[in-house]
Each structure stands twice: as C-alpha cells, then as structure tokens.
file model.pdb (PDB, C-alpha atoms, pLDDT in the B column)
ATOM      1  CA  MET A 225     119.038 171.389 227.199  1.00 73.00           C
ATOM      2  CA  THR A 226     119.320 174.462 229.425  1.00 87.00           C
ATOM      3  CA  THR A 227     118.512 177.920 228.081  1.00 92.00           C
ATOM      4  CA  VAL A 228     119.040 181.370 229.569  1.00 95.00           C
ATOM      5  CA  GLU A 229     117.479 184.353 227.819  1.00 96.00           C
ATOM      6  CA  LEU A 230     118.578 187.922 228.405  1.00 97.00           C
ATOM      7  CA  ARG A 231     116.898 191.014 226.984  1.00 97.00           C
ATOM      8  CA  PHE A 232     118.275 194.492 227.452  1.00 97.00           C
ATOM      9  CA  SER A 233     117.529 197.955 226.138  1.00 96.00           C
ATOM     10  CA  ALA A 234     119.783 199.007 223.289  1.00 96.00           C
ATOM     11  CA  GLN A 235     122.150 201.039 225.430  1.00 96.00           C
ATOM     12  CA  PRO A 236     125.937 200.551 225.306  1.00 95.00           C
ATOM     13  CA  GLU A 237     126.212 200.371 229.088  1.00 96.00           C
ATOM     14  CA  HIS A 238     124.222 197.104 229.126  1.00 97.00           C
ATOM     15  CA  VAL A 239     126.723 195.273 226.908  1.00 97.00           C
ATOM     16  CA  ARG A 240     129.038 194.695 229.881  1.00 96.00           C
ATOM     17  CA  THR A 241     126.233 192.942 231.769  1.00 96.00           C
ATOM     18  CA  ALA A 242     125.572 190.673 228.784  1.00 97.00           C
ATOM     19  CA  ARG A 243     129.288 189.781 228.640  1.00 96.00           C
ATOM     20  CA  LEU A 244     129.366 188.915 232.340  1.00 96.00           C
ATOM     21  CA  VAL A 245     126.222 186.770 232.118  1.00 96.00           C
ATOM     22  CA  ALA A 246     127.546 184.959 229.034  1.00 96.00           C
ATOM     23  CA  ALA A 247     130.861 184.161 230.727  1.00 96.00           C
ATOM     24  CA  ALA A 248     129.128 182.891 233.869  1.00 96.00           C
ATOM     25  CA  VAL A 249     126.730 180.660 231.930  1.00 95.00           C
ATOM     26  CA  ALA A 250     129.556 179.421 229.661  1.00 95.00           C
ATOM     27  CA  ARG A 251     131.662 178.483 232.694  1.00 94.00           C
ATOM     28  CA  ARG A 252     128.724 176.607 234.235  1.00 93.00           C
ATOM     29  CA  ALA A 253     128.091 174.836 230.911  1.00 93.00           C
ATOM     30  CA  GLY A 254     131.647 173.485 230.847  1.00 93.00           C
ATOM     31  CA  VAL A 255     133.353 175.757 228.331  1.00 94.00           C
ATOM     32  CA  ASP A 256     137.129 175.550 228.850  1.00 92.00           C
ATOM     33  CA  GLU A 257     138.485 178.293 231.123  1.00 92.00           C
ATOM     34  CA  ALA A 258     141.048 179.236 228.462  1.00 90.00           C
ATOM     35  CA  VAL A 259     138.209 180.095 226.059  1.00 93.00           C
ATOM     36  CA  LEU A 260     136.099 182.220 228.419  1.00 94.00           C
ATOM     37  CA  ASP A 261     137.860 185.450 227.427  1.00 94.00           C
ATOM     38  CA  GLU A 262     137.011 184.716 223.797  1.00 95.00           C
ATOM     39  CA  VAL A 263     133.369 184.112 224.769  1.00 95.00           C
ATOM     40  CA  ARG A 264     133.293 187.434 226.626  1.00 95.00           C
ATOM     41  CA  LEU A 265     134.883 189.348 223.748  1.00 95.00           C
ATOM     42  CA  ALA A 266     132.704 187.732 221.068  1.00 96.00           C
ATOM     43  CA  VAL A 267     129.506 188.419 223.015  1.00 97.00           C
ATOM     44  CA  GLY A 268     130.632 191.987 223.641  1.00 96.00           C
ATOM     45  CA  GLU A 269     131.217 192.547 219.922  1.00 95.00           C
ATOM     46  CA  ALA A 270     127.917 190.907 218.926  1.00 96.00           C
ATOM     47  CA  CYS A 271     125.938 192.877 221.515  1.00 97.00           C
ATOM     48  CA  SER A 272     127.680 196.142 220.600  1.00 95.00           C
ATOM     49  CA  ARG A 273     126.798 195.479 216.969  1.00 94.00           C
ATOM     50  CA  ALA A 274     123.141 194.818 217.854  1.00 95.00           C
ATOM     51  CA  VAL A 275     122.977 197.945 220.034  1.00 96.00           C
ATOM     52  CA  GLY A 276     124.500 200.023 217.248  1.00 94.00           C
ATOM     53  CA  ARG A 277     122.069 198.638 214.677  1.00 93.00           C
ATOM     54  CA  HIS A 278     119.082 199.377 216.927  1.00 95.00           C
ATOM     55  CA  ARG A 279     120.245 202.912 217.630  1.00 95.00           C
ATOM     56  CA  THR A 280     121.104 203.648 213.979  1.00 93.00           C
ATOM     57  CA  HIS A 281     117.679 202.488 212.822  1.00 93.00           C
ATOM     58  CA  GLY A 282     115.716 204.055 215.694  1.00 94.00           C
ATOM     59  CA  ILE A 283     114.454 200.737 217.067  1.00 94.00           C
ATOM     60  CA  ASP A 284     113.321 200.854 220.705  1.00 94.00           C
ATOM     61  CA  SER A 285     112.847 197.123 221.273  1.00 95.00           C
ATOM     62  CA  PRO A 286     115.393 195.230 223.380  1.00 97.00           C
ATOM     63  CA  VAL A 287     118.413 193.293 222.151  1.00 97.00           C
ATOM     64  CA  LYS A 288     117.940 189.572 222.763  1.00 97.00           C
ATOM     65  CA  VAL A 289     120.672 187.169 223.894  1.00 97.00           C
ATOM     66  CA  VAL A 290     119.907 183.435 224.144  1.00 97.00           C
ATOM     67  CA  LEU A 291     122.478 181.180 225.821  1.00 97.00           C
ATOM     68  CA  THR A 292     121.926 177.464 225.313  1.00 96.00           C
ATOM     69  CA  GLU A 293     123.724 174.510 226.859  1.00 94.00           C
ATOM     70  CA  GLU A 294     123.296 171.386 224.777  1.00 90.00           C
ATOM     71  CA  ASP A 295     124.889 167.938 225.052  1.00 87.00           C
ATOM     72  CA  LYS A 296     128.451 168.862 223.976  1.00 92.00           C
ATOM     73  CA  THR A 297     127.943 172.427 222.815  1.00 94.00           C
ATOM     74  CA  PHE A 298     127.352 175.848 224.320  1.00 95.00           C
ATOM     75  CA  SER A 299     125.767 178.347 221.947  1.00 96.00           C
ATOM     76  CA  ILE A 300     124.892 182.015 222.091  1.00 97.00           C
ATOM     77  CA  GLU A 301     122.512 183.858 219.787  1.00 97.00           C
ATOM     78  CA  VAL A 302     122.511 187.654 219.765  1.00 97.00           C
ATOM     79  CA  GLY A 303     119.524 189.073 217.943  1.00 96.00           C
ATOM     80  CA  ASP A 304     118.514 192.517 216.787  1.00 95.00           C
ATOM     81  CA  GLU A 305     115.266 193.624 215.176  1.00 94.00           C
ATOM     82  CA  VAL A 306     116.735 195.423 212.168  1.00 91.00           C
ATOM     83  CA  PRO A 307     115.122 193.894 209.071  1.00 87.00           C
ATOM     84  CA  ALA A 308     117.143 192.901 206.037  1.00 83.00           C
ATOM     85  CA  PRO A 309     117.380 195.595 203.346  1.00 79.00           C
ATOM     86  CA  GLY A 310     114.248 195.441 201.245  1.00 66.00           C
ATOM     87  CA  GLY A 311     112.321 194.003 204.217  1.00 55.00           C
ATOM     88  CA  ASP A 312     109.029 195.425 205.362  1.00 48.00           C
ATOM     89  CA  GLY A 313     109.980 199.095 205.683  1.00 41.00           C
ATOM     90  CA  ALA A 314     110.553 199.296 209.446  1.00 40.00           C
ATOM     91  CA  ALA A 315     114.264 199.948 209.007  1.00 37.00           C
ATOM     92  CA  GLY A 316     113.807 203.307 207.303  1.00 37.00           C
ATOM     93  CA  SER A 317     116.202 205.064 204.969  1.00 33.00           C
ATOM     94  CA  ALA A 318     119.389 204.133 206.845  1.00 34.00           C
ATOM     95  CA  ALA A 319     118.956 200.510 205.746  1.00 35.00           C
ATOM     96  CA  ASP A 320     118.582 201.578 202.135  1.00 37.00           C
ATOM     97  CA  ARG A 321     122.276 202.490 201.843  1.00 34.00           C
ATOM     98  CA  SER A 322     123.926 199.709 199.917  1.00 32.00           C
ATOM     99  CA  ALA A 323     127.352 198.633 198.826  1.00 33.00           C
ATOM    100  CA  GLY A 324     126.193 197.287 195.497  1.00 33.00           C
ATOM    101  CA  PRO A 325     125.906 193.533 194.821  1.00 35.00           C
ATOM    102  CA  GLY A 326     123.929 191.767 197.514  1.00 36.00           C
ATOM    103  CA  ASP A 327     122.537 195.068 198.839  1.00 37.00           C
ATOM    104  CA  GLU A 328     124.483 194.751 202.090  1.00 41.00           C
ATOM    105  CA  PRO A 329     124.351 197.887 204.248  1.00 44.00           C
ATOM    106  CA  VAL A 330     127.414 200.116 204.094  1.00 40.00           C
ATOM    107  CA  ASP A 331     128.686 200.036 207.650  1.00 53.00           C
ATOM    108  CA  GLY A 332     132.408 199.678 208.300  1.00 59.00           C
ATOM    109  CA  GLU A 333     131.911 199.209 212.037  1.00 61.00           C
ATOM    110  CA  ASP A 334     129.452 196.385 211.364  1.00 71.00           C
ATOM    111  CA  ASP A 335     131.969 194.638 209.104  1.00 76.00           C
ATOM    112  CA  MET A 336     134.782 195.185 211.620  1.00 83.00           C
ATOM    113  CA  GLY A 337     132.708 193.727 214.453  1.00 82.00           C
ATOM    114  CA  LEU A 338     131.899 190.644 212.395  1.00 88.00           C
ATOM    115  CA  ALA A 339     135.577 190.240 211.489  1.00 89.00           C
ATOM    116  CA  VAL A 340     136.558 190.380 215.164  1.00 90.00           C
ATOM    117  CA  ILE A 341     133.892 187.828 216.097  1.00 91.00           C
ATOM    118  CA  SER A 342     134.934 185.453 213.306  1.00 89.00           C
ATOM    119  CA  GLY A 343     138.501 185.636 214.610  1.00 88.00           C
ATOM    120  CA  LEU A 344     137.338 184.642 218.092  1.00 88.00           C
ATOM    121  CA  VAL A 345     134.782 181.957 217.245  1.00 91.00           C
ATOM    122  CA  ASP A 346     135.312 178.896 215.054  1.00 87.00           C
ATOM    123  CA  ASP A 347     131.586 178.179 214.646  1.00 92.00           C
ATOM    124  CA  MET A 348     129.678 181.351 213.753  1.00 93.00           C
ATOM    125  CA  GLU A 349     126.617 182.044 211.603  1.00 94.00           C
ATOM    126  CA  VAL A 350     125.159 185.427 210.688  1.00 93.00           C
ATOM    127  CA  SER A 351     121.648 185.681 209.307  1.00 92.00           C
ATOM    128  CA  THR A 352     119.269 188.526 208.547  1.00 90.00           C
ATOM    129  CA  THR A 353     115.569 188.215 207.762  1.00 88.00           C
ATOM    130  CA  GLU A 354     112.622 190.577 207.543  1.00 89.00           C
ATOM    131  CA  THR A 355     112.279 190.329 211.354  1.00 90.00           C
ATOM    132  CA  GLY A 356     115.918 191.066 212.222  1.00 93.00           C
ATOM    133  CA  GLY A 357     119.448 189.761 212.400  1.00 93.00           C
ATOM    134  CA  VAL A 358     121.018 187.002 214.483  1.00 95.00           C
ATOM    135  CA  ILE A 359     124.612 186.092 215.189  1.00 95.00           C
ATOM    136  CA  ARG A 360     124.901 182.493 216.389  1.00 96.00           C
ATOM    137  CA  MET A 361     128.162 181.379 217.983  1.00 96.00           C
ATOM    138  CA  SER A 362     129.026 178.052 219.592  1.00 95.00           C
ATOM    139  CA  TRP A 363     131.824 176.436 221.549  1.00 94.00           C
ATOM    140  CA  PRO A 364     132.489 172.832 222.597  1.00 93.00           C
ATOM    141  CA  THR A 365     131.958 171.907 226.235  1.00 91.00           C
ATOM    142  CA  ALA A 366     133.592 169.365 228.496  1.00 81.00           C
ATOM    143  CA  PRO A 367     131.742 167.464 231.215  1.00 66.00           C
ATOM    144  CA  VAL A 368     131.495 169.600 234.351  1.00 55.00           C
ATOM    145  CA  SER A 369     133.054 167.976 237.402  1.00 57.00           C
ATOM    146  CA  LEU A 370     130.962 168.390 240.532  1.00 55.00           C
ATOM    147  CA  ASN A 371     133.875 167.580 242.846  1.00 53.00           C
ATOM    148  CA  PRO A 372     136.691 170.155 242.610  1.00 54.00           C
TER
END
call {"tool": "encode", "arguments": {"input": "model.pdb", "output": "structure tokens"}}
result
Amino acid sequence: MTTVELRFSAQPEHVRTARLVAAAVARRAGVDEAVLDEVRLAVGEACSRAVGRHRTHGIDSPVKVVLTEEDKTFSIEVGDEVPAPGGDGAAGSAADRSAGPGDEPVDGEDDMGLAVISGLVDDMEVSTTETGGVIRMSWPTAPVSLNP
C-alpha cells in the first residue's frame, strides 16, 4: 500500500495544486485515463469544501488530503477540522445554525459540492466527528504496465 499525504493552508489558491497532485498520483496508481478528469473535479470540489469550512469557522489548521493506492483501489480522503455540530465548541456559532432534524449545518454551497462529488464518484463516504469531517472517495485501478 502506497500513501501520499498533502497538507495545505486553507486558501482557495492551493486547491489547484491538490487537484494536480491527485491526478498525478491517480495516474501512477493505474486509474483509467478516462476517469482522471473526474478525479480532478471531485478532489477540487472536496478541497474547496474543506477550505470553505475552515474559513467559515475561523480554523487556521491545514486541510489534509491522503491519497492511497491499495491492491485494486485508489482512494482519496479530504479532511477538515470543523467539528460536528454539538462537538466540543471549537466550531463557534457558525456551526450552531441548523436545518432542523439531524442538526445539519445550513450551507447550500456545502450541499451543492457534495452533490457534485456524488455525481462524479461511485464510491463516496462523508463523515463528521468531533475532530472534523472527511470525504472519502475511491476508484478502481488496473495493473500499471511498465512497458509502454
């Protein structure tokens, strides 16, 4: 199992770098060339979402992207440090806005970003804990040929 970890400050201009790194690692892992644009777009949306969440909640810590090549799967986890609503207070009053049942934050851009990602990725999980949120996405890989 090969893992690449990228951390960047929560600035929109760094999202492009994360997209480029993700596409390069995905290509090396054996993700089909036809899917690389989807990888780039999904990572861009997930990173933009994480950057937006950090900035909205005044969090200075970096956004974390973990790219993992496993036996027949390539996965990417994009993590932020915005705790779940009702977590241990670090999120401040912006996280206290709720849409009602489930106490999900009211954030149309957040919902739109997740909708875009789910349209690009067949295997996606979104989780939020008291330490932050993670979007995990994965794609199948094919054996990489060493002789072109």
call {"tool": "residues_around", "arguments": {"input": "model.pdb", "residues": "Trp363 of chain A", "least_positions_apart": "2", "cutoff": "12 Å", "atoms": "all atoms listed in the file", "output": "ChimeraX atom specification"}}
result
/A:250-251,253-260,262-263,266,291-300,344-348,360-361,365-366
call {"tool": "write_last_selection", "arguments": {"input": "model.pdb", "atoms": "C-alpha atoms", "output": "tab-separated table (two decimals), keeping the file's coordinate frame"}}
result
chain	number	residue	atom	x	y	z
A	250	ALA	CA	129.56	179.42	229.66
A	251	ARG	CA	131.66	178.48	232.69
A	253	ALA	CA	128.09	174.84	230.91
A	254	GLY	CA	131.65	173.48	230.85
A	255	VAL	CA	133.35	175.76	228.33
A	256	ASP	CA	137.13	175.55	228.85
A	257	GLU	CA	138.49	178.29	231.12
A	258	ALA	CA	141.05	179.24	228.46
A	259	VAL	CA	138.21	180.10	226.06
A	260	LEU	CA	136.10	182.22	228.42
A	262	GLU	CA	137.01	184.72	223.80
A	263	VAL	CA	133.37	184.11	224.77
A	266	ALA	CA	132.70	187.73	221.07
A	291	LEU	CA	122.48	181.18	225.82
A	292	THR	CA	121.93	177.46	225.31
A	293	GLU	CA	123.72	174.51	226.86
A	294	GLU	CA	123.30	171.39	224.78
A	295	ASP	CA	124.89	167.94	225.05
A	296	LYS	CA	128.45	168.86	223.98
A	297	THR	CA	127.94	172.43	222.82
A	298	PHE	CA	127.35	175.85	224.32
A	299	SER	CA	125.77	178.35	221.95
A	300	ILE	CA	124.89	182.02	222.09
A	344	LEU	CA	137.34	184.64	218.09
A	345	VAL	CA	134.78	181.96	217.24
A	346	ASP	CA	135.31	178.90	215.05
A	347	ASP	CA	131.59	178.18	214.65
A	348	MET	CA	129.68	181.35	213.75
A	360	ARG	CA	124.90	182.49	216.39
A	361	MET	CA	128.16	181.38	217.98
A	365	THR	CA	131.96	171.91	226.24
A	366	ALA	CA	133.59	169.36	228.50
call {"tool": "atom_distance", "arguments": {"input": "model.pdb", "atom1": "atom CA of Thr353 of chain A", "atom2": "atom CA of Ala308 of chain A"}}
result
5.2 Å
call {"tool": "resolve_selection", "arguments": {"input": "model.pdb", "expression": "the PyMOL selection byres ((chain A and resi 356) around 9)", "output": "list in words"}}
result
Gly303, Asp304, Glu305, Val306, Pro307, Ala308, Ser351, Thr352, Thr353, Glu354, Thr355, Gly357 and Val358 of chain A
call {"tool": "write_last_selection", "arguments": {"input": "model.pdb", "atoms": "C-alpha atoms", "output": "compact mmCIF listing (two decimals), keeping the file's coordinate frame"}}
result
# COMPACT_ATOMS: atom_id res chain seq x y z
CA GLY A 303 119.52 189.07 217.94
CA ASP A 304 118.51 192.52 216.79
CA GLU A 305 115.27 193.62 215.18
CA VAL A 306 116.74 195.42 212.17
CA PRO A 307 115.12 193.89 209.07
CA ALA A 308 117.14 192.90 206.04
CA SER A 351 121.65 185.68 209.31
CA THR A 352 119.27 188.53 208.55
CA THR A 353 115.57 188.22 207.76
CA GLU A 354 112.62 190.58 207.54
CA THR A 355 112.28 190.33 211.35
CA GLY A 357 119.45 189.76 212.40
CA VAL A 358 121.02 187.00 214.48
call {"tool": "atom_distance", "arguments": {"input": "model.pdb", "atom1": "atom CA of Arg279 of chain A", "atom2": "atom CA of Glu349 of chain A"}}
result
22.6 Å
call {"tool": "resolve_selection", "arguments": {"input": "model.pdb", "expression": "the PyMOL selection byres ((chain A and resi 242) around 9)", "output": "PyMOL selection string"}}
result
chain A and resi 230-232+238-241+243-247+264+267-268+271+289
call {"tool": "write_last_selection", "arguments": {"input": "model.pdb", "atoms": "C-alpha atoms", "output": "CSV table (one decimal), keeping the file's coordinate frame"}}
result
chain,number,residue,atom,x,y,z
A,230,LEU,CA,118.6,187.9,228.4
A,231,ARG,CA,116.9,191.0,227.0
A,232,PHE,CA,118.3,194.5,227.5
A,238,HIS,CA,124.2,197.1,229.1
A,239,VAL,CA,126.7,195.3,226.9
A,240,ARG,CA,129.0,194.7,229.9
A,241,THR,CA,126.2,192.9,231.8
A,243,ARG,CA,129.3,189.8,228.6
A,244,LEU,CA,129.4,188.9,232.3
A,245,VAL,CA,126.2,186.8,232.1
A,246,ALA,CA,127.5,185.0,229.0
A,247,ALA,CA,130.9,184.2,230.7
A,264,ARG,CA,133.3,187.4,226.6
A,267,VAL,CA,129.5,188.4,223.0
A,268,GLY,CA,130.6,192.0,223.6
A,271,CYS,CA,125.9,192.9,221.5
A,289,VAL,CA,120.7,187.2,223.9
call {"tool": "closest_residue", "arguments": {"input": "model.pdb", "among": "A:Ala339, A:Val228, A:Val350, A:Leu265", "to": "Lys288 of chain A", "atoms": "only C-alpha atoms"}}
result
A:Val228
call {"tool": "atom_distance", "arguments": {"input": "model.pdb", "atom1": "atom CA of Ser233 of chain A", "atom2": "atom CA of Arg252 of chain A"}}
result
25.4 Å
call {"tool": "resolve_selection", "arguments": {"input": "model.pdb", "expression": "the PyMOL selection byres ((chain A and resi 274) around 8)", "output": "mmCIF file with C-alpha atoms, in the frame of the given file"}}
result
data_model
loop_
_atom_site.group_PDB
_atom_site.id
_atom_site.type_symbol
_atom_site.label_atom_id
_atom_site.label_comp_id
_atom_site.auth_asym_id
_atom_site.auth_seq_id
_atom_site.Cartn_x
_atom_site.Cartn_y
_atom_site.Cartn_z
ATOM 1 C CA ALA A 234 119.783 199.007 223.289
ATOM 2 C CA ALA A 270 127.917 190.907 218.926
ATOM 3 C CA CYS A 271 125.938 192.877 221.515
ATOM 4 C CA SER A 272 127.680 196.142 220.600
ATOM 5 C CA ARG A 273 126.798 195.479 216.969
ATOM 6 C CA VAL A 275 122.977 197.945 220.034
ATOM 7 C CA GLY A 276 124.500 200.023 217.248
ATOM 8 C CA ARG A 277 122.069 198.638 214.677
ATOM 9 C CA HIS A 278 119.082 199.377 216.927
ATOM 10 C CA VAL A 287 118.413 193.293 222.151
ATOM 11 C CA VAL A 302 122.511 187.654 219.765
ATOM 12 C CA GLY A 303 119.524 189.073 217.943
ATOM 13 C CA ASP A 304 118.514 192.517 216.787
#
call {"tool": "axis_aligned_box", "arguments": {"input": "model.pdb", "around": "segment 355-364 of chain A", "padding_each_side": "8 Å", "output": "JSON"}}
result
{"center_x": 122.4, "center_y": 181.9, "center_z": 217.0, "size_x": 36.2, "size_y": 34.2, "size_z": 27.2}
call {"tool": "closest_residue", "arguments": {"input": "model.pdb", "among": "A:Glu269, A:Val340, A:Gln235, A:Ala248", "to": "Asp284 of chain A", "atoms": "all atoms listed in the file"}}
result
A:Gln235
call {"tool": "build_atoms", "arguments": {"input": "model.pdb", "residues": "segment 350-361 of chain A", "atoms": "all heavy atoms", "output": "PDB file, in the coordinates of the input"}}
result
ATOM      1  N   VAL A 350     125.829 184.132 210.673  1.00 93.00           N
ATOM      2  CA  VAL A 350     125.159 185.427 210.688  1.00 93.00           C
ATOM      3  C   VAL A 350     123.999 185.333 209.721  1.00 93.00           C
ATOM      4  O   VAL A 350     124.172 184.912 208.573  1.00 93.00           O
ATOM      5  CB  VAL A 350     126.108 186.566 210.246  1.00 93.00           C
ATOM      6  CG1 VAL A 350     125.383 187.899 210.257  1.00 93.00           C
ATOM      7  CG2 VAL A 350     127.334 186.610 211.132  1.00 93.00           C
ATOM      8  N   SER A 351     122.814 185.702 210.197  1.00 92.00           N
ATOM      9  CA  SER A 351     121.648 185.681 209.307  1.00 92.00           C
ATOM     10  C   SER A 351     120.819 186.934 209.531  1.00 92.00           C
ATOM     11  O   SER A 351     120.804 187.498 210.626  1.00 92.00           O
ATOM     12  CB  SER A 351     120.801 184.435 209.547  1.00 92.00           C
ATOM     13  OG  SER A 351     120.313 184.410 210.868  1.00 92.00           O
ATOM     14  N   THR A 352     120.150 187.371 208.476  1.00 90.00           N
ATOM     15  CA  THR A 352     119.269 188.526 208.547  1.00 90.00           C
ATOM     16  C   THR A 352     118.005 188.201 207.766  1.00 90.00           C
ATOM     17  O   THR A 352     118.078 187.729 206.637  1.00 90.00           O
ATOM     18  CB  THR A 352     119.932 189.778 207.941  1.00 90.00           C
ATOM     19  OG1 THR A 352     121.190 189.984 208.573  1.00 90.00           O
ATOM     20  CG2 THR A 352     119.081 191.011 208.163  1.00 90.00           C
ATOM     21  N   THR A 353     116.858 188.440 208.405  1.00 88.00           N
ATOM     22  CA  THR A 353     115.569 188.215 207.762  1.00 88.00           C
ATOM     23  C   THR A 353     114.749 189.491 207.855  1.00 88.00           C
ATOM     24  O   THR A 353     115.238 190.512 208.339  1.00 88.00           O
ATOM     25  CB  THR A 353     114.798 187.062 208.453  1.00 88.00           C
ATOM     26  OG1 THR A 353     114.451 187.484 209.779  1.00 88.00           O
ATOM     27  CG2 THR A 353     115.615 185.785 208.495  1.00 88.00           C
ATOM     28  N   GLU A 354     113.489 189.407 207.450  1.00 89.00           N
ATOM     29  CA  GLU A 354     112.622 190.577 207.543  1.00 89.00           C
ATOM     30  C   GLU A 354     112.283 190.925 208.992  1.00 89.00           C
ATOM     31  O   GLU A 354     111.801 192.011 209.273  1.00 89.00           O
ATOM     32  CB  GLU A 354     111.344 190.375 206.718  1.00 89.00           C
ATOM     33  CG  GLU A 354     110.450 189.257 207.198  1.00 89.00           C
ATOM     34  CD  GLU A 354     110.860 187.880 206.701  1.00 89.00           C
ATOM     35  OE1 GLU A 354     111.728 187.769 205.828  1.00 89.00           O
ATOM     36  OE2 GLU A 354     110.296 186.898 207.210  1.00 89.00           O
ATOM     37  N   THR A 355     112.561 190.036 209.944  1.00 90.00           N
ATOM     38  CA  THR A 355     112.279 190.329 211.354  1.00 90.00           C
ATOM     39  C   THR A 355     113.522 190.749 212.130  1.00 90.00           C
ATOM     40  O   THR A 355     113.412 191.143 213.288  1.00 90.00           O
ATOM     41  CB  THR A 355     111.645 189.115 212.055  1.00 90.00           C
ATOM     42  OG1 THR A 355     112.540 188.010 211.958  1.00 90.00           O
ATOM     43  CG2 THR A 355     110.304 188.765 211.436  1.00 90.00           C
ATOM     44  N   GLY A 356     114.707 190.632 211.537  1.00 93.00           N
ATOM     45  CA  GLY A 356     115.918 191.066 212.222  1.00 93.00           C
ATOM     46  C   GLY A 356     117.106 190.177 211.939  1.00 93.00           C
ATOM     47  O   GLY A 356     117.028 189.222 211.166  1.00 93.00           O
ATOM     48  N   GLY A 357     118.212 190.500 212.599  1.00 93.00           N
ATOM     49  CA  GLY A 357     119.448 189.761 212.400  1.00 93.00           C
ATOM     50  C   GLY A 357     119.810 188.944 213.622  1.00 93.00           C
ATOM     51  O   GLY A 357     119.437 189.281 214.743  1.00 93.00           O
ATOM     52  N   VAL A 358     120.561 187.864 213.395  1.00 95.00           N
ATOM     53  CA  VAL A 358     121.018 187.002 214.483  1.00 95.00           C
ATOM     54  C   VAL A 358     122.453 186.584 214.202  1.00 95.00           C
ATOM     55  O   VAL A 358     122.794 186.207 213.083  1.00 95.00           O
ATOM     56  CB  VAL A 358     120.140 185.732 214.611  1.00 95.00           C
ATOM     57  CG1 VAL A 358     120.713 184.776 215.650  1.00 95.00           C
ATOM     58  CG2 VAL A 358     118.712 186.079 214.962  1.00 95.00           C
ATOM     59  N   ILE A 359     123.274 186.669 215.236  1.00 95.00           N
ATOM     60  CA  ILE A 359     124.612 186.092 215.189  1.00 95.00           C
ATOM     61  C   ILE A 359     124.579 184.896 216.118  1.00 95.00           C
ATOM     62  O   ILE A 359     124.263 185.037 217.304  1.00 95.00           O
ATOM     63  CB  ILE A 359     125.691 187.085 215.653  1.00 95.00           C
ATOM     64  CG1 ILE A 359     125.756 188.281 214.715  1.00 95.00           C
ATOM     65  CG2 ILE A 359     127.054 186.396 215.744  1.00 95.00           C
ATOM     66  CD1 ILE A 359     126.740 189.345 215.147  1.00 95.00           C
ATOM     67  N   ARG A 360     124.869 183.713 215.578  1.00 96.00           N
ATOM     68  CA  ARG A 360     124.901 182.493 216.389  1.00 96.00           C
ATOM     69  C   ARG A 360     126.343 182.023 216.484  1.00 96.00           C
ATOM     70  O   ARG A 360     127.022 181.870 215.471  1.00 96.00           O
ATOM     71  CB  ARG A 360     124.049 181.402 215.767  1.00 96.00           C
ATOM     72  CG  ARG A 360     123.979 180.162 216.640  1.00 96.00           C
ATOM     73  CD  ARG A 360     123.088 179.087 216.015  1.00 96.00           C
ATOM     74  NE  ARG A 360     122.822 178.030 216.941  1.00 96.00           N
ATOM     75  CZ  ARG A 360     123.690 177.074 217.288  1.00 96.00           C
ATOM     76  NH1 ARG A 360     124.906 177.068 216.777  1.00 96.00           N
ATOM     77  NH2 ARG A 360     123.360 176.138 218.141  1.00 96.00           N
ATOM     78  N   MET A 361     126.796 181.816 217.722  1.00 96.00           N
ATOM     79  CA  MET A 361     128.162 181.379 217.983  1.00 96.00           C
ATOM     80  C   MET A 361     128.086 180.148 218.874  1.00 96.00           C
ATOM     81  O   MET A 361     127.198 180.057 219.714  1.00 96.00           O
ATOM     82  CB  MET A 361     128.928 182.485 218.724  1.00 96.00           C
ATOM     83  CG  MET A 361     128.903 183.823 218.022  1.00 96.00           C
ATOM     84  SD  MET A 361     129.450 185.196 219.083  1.00 96.00           S
ATOM     85  CE  MET A 361     127.956 185.505 220.039  1.00 96.00           C
TER      86      MET A 361
END
